[in-house]
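Read through the structure below, which is laid out as structure tokens, and then see the notes.
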Amino acid sequence: MKTNPAPINKCRRFYGHGIPGVQLEDLTGKLIVVEGADGSGRSTQIARLVYSLETGGHATVQVGLKRSTLVSAELEGAQEGNILSRTTLSLFYATDFADQLENIILPALKAGFIVLADRYIYTLMARDMARGMDESWLKNLYGIALEPDAVFYLSVEPEELVQRNLAKSATLDYWESGMDLGLSRDMFDSFVKYQTAIQAVFRRLQKTYDFNIVDANRSMDSVTRELRKKIGALLNGK
């Protein structure tokens, strides 16, 4: 996938109706999102960013999927049965996101922290759209979401993702392989087809949300240098 430079967001706003009572001008921190499939190097890059930011004197907070104390345990248990409908799965994740937004992200931004999100609403929307969910319905559902200051989608070719996941855990995840969609009985084949579909949705979302697509087929160090450069520009007001 071709990399697309995108401008850094500077105006604080919600994507839709937002959360009542929130004073956007009080949110002085920065919200930085790193998106990407399992195997894209997302978690490694976030760990490196945390280290570089904190050693540079910036306080950070991390959030991510299935980290809400409200529903994360229930969501994890429900997924183990592999029987969730697409709507139930979507609403589970939306609840997980909303809880973290209200109780972690917004308070941290108000306190001036840099919030690093290990995936955000874009992954949730991409997964749902790949499962045939209505885009307008999803945009309304995530109208509570705060627009990040910067979003980086780490793009890796599906075949490379397979190799990275197998090297890491010797297996492929049921949901990350899209096995619930009946794309193929073979998990390897289903994974490639599903991740290809997810990348196509991300290209659509990029046109709407104007985020940065980063070529993560390169070495980890090359990606780290690019992220640090762009985030440095953000923090310096450029």
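If you're wondering about the labels, chains in the structure tokens are A, B, ... by order shown, residues count from 1 in each chain, ligands from 1 in order shown.
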Ala216 of chain A: which residues within 7 Å, counting only C-alpha atoms, same-chain residues fewer than 4 positions away excluded, as a PyMOL selection string? chain A and resi 40+154-156+223
Test item, strand (DSSP E) assignment across segment 87-149 of chain A, answer as a PyMOL selection string: chain A and resi 114-118
I'd like to know which of A:Gly182, A:Pro107, A:Gly132, A:Pro158 is closest to Gln23 of chain A, using only C-alpha atoms.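 Checking each candidate against Gln23 of chain A, we get A:Pro107 as the closest.
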Excluding Arg86 of chain A and any residue of its chain fewer than 4 positions from it, enumerate the residues within 10 Å of it, using only C-alpha atoms, and give them as a list in words.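 That gives Ser90, Leu91, Phe92, Arg127, Asp128, Met129, Arg131, Gly132, Met133, Asp180 and Leu181 of chain A.
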Excluding Glu176 of chain A and its own-chain neighbours fewer than 6 positions away, which residues fall within 10 Å of it when counting only C-alpha atoms? Please give them as a PDB file with C-alpha atoms, in the first residue's frame.
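What landed in around_29.pdb:
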```
ATOM      1  CA  ALA A  37      -3.134  -5.461  12.234  1.00  0.00           C
ATOM      2  CA  ASP A  38      -1.572  -7.994  14.568  1.00  0.00           C
ATOM      3  CA  ARG A 127     -13.684  -4.733  11.106  1.00  0.00           C
ATOM      4  CA  MET A 187      -7.380 -20.350   8.312  1.00  0.00           C
ATOM      5  CA  SER A 190      -9.072 -16.831   5.308  1.00  0.00           C
ATOM      6  CA  PHE A 191      -6.499 -14.653   7.091  1.00  0.00           C
ATOM      7  CA  VAL A 192      -5.090 -13.343   3.802  1.00  0.00           C
ATOM      8  CA  TYR A 194      -9.781 -10.964   5.509  1.00  0.00           C
ATOM      9  CA  GLN A 195      -6.708  -8.781   5.996  1.00  0.00           C
ATOM     10  CA  ILE A 198      -9.498  -4.794   6.012  1.00  0.00           C
TER      11      ILE A 198
END
```
Segment 74-128 of chain A residues near segment 43-57 of chain A within 9 Å, closest pair each, using only C-alpha atoms, as a Markdown table:
```
| residue | atom | partner | partner_atom | distance |
| --- | --- | --- | --- | --- |
| A:Ile114 | CA | A:Leu53 | CA | 8.6 |
| A:Leu116 | CA | A:Ile46 | CA | 7.2 |
| A:Ala117 | CA | A:Ile46 | CA | 8.4 |
| A:Asp118 | CA | A:Ser43 | CA | 7.0 |
```
Using N, CA and C atoms, can you write the selected residues to a file as a CSV table (one decimal), in the first residue's frame?
```csv
chain,number,residue,atom,x,y,z
A,114,ILE,N,0.2,12.9,27.2
A,114,ILE,CA,0.2,12.4,25.8
A,114,ILE,C,-0.5,11.0,25.9
A,116,LEU,N,-1.4,7.6,24.2
A,116,LEU,CA,-1.0,6.7,23.1
A,116,LEU,C,-2.1,5.6,23.0
A,117,ALA,N,-2.8,5.6,21.9
A,117,ALA,CA,-3.8,4.6,21.7
A,117,ALA,C,-3.4,3.5,20.8
A,118,ASP,N,-3.4,2.3,21.3
A,118,ASP,CA,-3.0,1.1,20.5
A,118,ASP,C,-4.3,0.6,19.8
```
Proximity to Gly112 of chain A - best of A:Val33, A:Arg67, A:Leu27, A:Leu183, only C-alpha atoms: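 For Gly112 of chain A, the nearest of the candidates is A:Leu27.
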Among A:Tyr122, A:Phe97, A:Leu205, A:Val214, Ile144 of chain A is approached most closely, using only C-alpha atoms, by A:Phe97
Atomic separation - atom CA of Val63 of chain A relative to atom CA of Lys229 of chain A, Å: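 Separating atom CA of Lys229 of chain A from atom CA of Val63 of chain A is a distance of 22.1 Å.
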Between atom CA of Ser68 of chain A and atom CA of Asp99 of chain A, what is the spacing in Å?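 Result for atom CA of Asp99 of chain A versus atom CA of Ser68 of chain A: 6.2 Å, one decimal.
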Can you list, as a list in words, every protein, DNA or RNA residue that comes within 9 Å of Tyr153 of chain A when you count only C-alpha atoms, leaving out same-chain residues fewer than 3 positions away?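 After dropping sequence-adjacent residues, the list is Val33, Val34, Glu35, Gly36, Arg42, Arg119, Phe202, Phe211, Asn212, Ile213, Val214, Asp215 and Ala216 of chain A.
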Put those residues in a file: N, CA and C atoms, as a tab-separated table (two decimals), in the first residue's frame.
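As written to disk, result_7.tsv reads:
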```tsv
chain	number	residue	atom	x	y	z
A	33	VAL	N	-2.63	8.08	17.88
A	33	VAL	CA	-3.14	6.74	17.61
A	33	VAL	C	-2.20	5.99	16.68
A	34	VAL	N	-1.93	4.73	17.02
A	34	VAL	CA	-1.17	3.85	16.14
A	34	VAL	C	-2.09	2.68	15.79
A	35	GLU	N	-2.42	2.57	14.51
A	35	GLU	CA	-3.30	1.51	14.01
A	35	GLU	C	-2.48	0.46	13.26
A	36	GLY	N	-3.08	-0.70	13.08
A	36	GLY	CA	-2.40	-1.76	12.32
A	36	GLY	C	-2.85	-3.13	12.78
A	42	ARG	N	2.87	-2.80	15.65
A	42	ARG	CA	2.16	-1.74	16.37
A	42	ARG	C	2.57	-1.65	17.85
A	119	ARG	N	-4.55	1.30	18.69
A	119	ARG	CA	-5.76	1.20	17.86
A	119	ARG	C	-6.88	2.06	18.45
A	202	PHE	N	-9.52	0.33	5.12
A	202	PHE	CA	-8.67	1.39	5.65
A	202	PHE	C	-8.35	2.44	4.59
A	211	PHE	N	-5.80	10.18	7.71
A	211	PHE	CA	-4.69	9.79	8.59
A	211	PHE	C	-3.46	9.39	7.79
A	212	ASN	N	-2.36	9.21	8.49
A	212	ASN	CA	-1.09	8.84	7.87
A	212	ASN	C	-1.00	7.32	7.66
A	213	ILE	N	-0.70	6.91	6.45
A	213	ILE	CA	-0.45	5.50	6.16
A	213	ILE	C	1.06	5.30	6.09
A	214	VAL	N	1.56	4.45	6.97
A	214	VAL	CA	3.00	4.23	7.09
A	214	VAL	C	3.35	2.85	6.55
A	215	ASP	N	4.32	2.79	5.67
A	215	ASP	CA	4.78	1.51	5.12
A	215	ASP	C	5.55	0.77	6.20
A	216	ALA	N	4.91	-0.26	6.77
A	216	ALA	CA	5.53	-1.02	7.84
A	216	ALA	C	6.08	-2.36	7.36
```
Would you mind telling me which residue in A:Gly64, A:Gly41, A:Gly29, A:Gly18 lies nearest to Thr224 of chain A when using only C-alpha atoms? A:Gly41
Distance query Ile121 of chain A at most 9 Å, only C-alpha atoms, self and fewer than 3 positions along chain excluded, as a PyMOL selection string: chain A and resi 94+97+124-126+142+145
Residue subset to file, keeping C-alpha atoms, as an mmCIF file, in the first residue's frame:
```
data_model
loop_
_atom_site.group_PDB
_atom_site.id
_atom_site.type_symbol
_atom_site.label_atom_id
_atom_site.label_comp_id
_atom_site.auth_asym_id
_atom_site.auth_seq_id
_atom_site.Cartn_x
_atom_site.Cartn_y
_atom_site.Cartn_z
ATOM 1 C CA ALA A 94 -18.059 0.306 21.200
ATOM 2 C CA PHE A 97 -14.098 2.261 23.687
ATOM 3 C CA LEU A 124 -13.355 -1.065 14.959
ATOM 4 C CA MET A 125 -15.053 0.500 11.951
ATOM 5 C CA ALA A 126 -12.881 -1.399 9.476
ATOM 6 C CA TYR A 142 -18.574 6.561 17.041
ATOM 7 C CA ALA A 145 -14.991 9.837 19.499
#
```
Name the residues in contact with Leu24 of chain A at a cut-off of 12 Å, using only C-alpha atoms, excluding same-chain residues fewer than 5 positions from it; report them as a PyMOL selection string. chain A and resi 11-14+18-19+29+106-107+109-110+146-147
Output C-alpha atoms for every residue in the selection just made, as a PDB file, in the first residue's frame.
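Here's the written file selection_11.pdb:
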```pdb
ATOM      1  CA  CYS A  11      -8.228  21.689  16.022  1.00  0.00           C
ATOM      2  CA  ARG A  12      -9.749  19.842  18.968  1.00  0.00           C
ATOM      3  CA  ARG A  13     -13.170  18.422  18.090  1.00  0.00           C
ATOM      4  CA  PHE A  14     -15.380  15.364  18.251  1.00  0.00           C
ATOM      5  CA  GLY A  18     -19.400  13.941  21.225  1.00  0.00           C
ATOM      6  CA  ILE A  19     -19.850  13.739  24.982  1.00  0.00           C
ATOM      7  CA  GLY A  29      -2.709  16.996  26.050  1.00  0.00           C
ATOM      8  CA  LEU A 106     -10.433  12.646  28.361  1.00  0.00           C
ATOM      9  CA  PRO A 107      -9.139  12.982  31.954  1.00  0.00           C
ATOM     10  CA  LEU A 109      -5.813  14.928  28.041  1.00  0.00           C
ATOM     11  CA  LYS A 110      -7.237  17.414  30.519  1.00  0.00           C
ATOM     12  CA  LEU A 146     -12.504  12.636  19.920  1.00  0.00           C
ATOM     13  CA  GLU A 147     -10.486  13.428  16.795  1.00  0.00           C
TER      14      GLU A 147
END
```
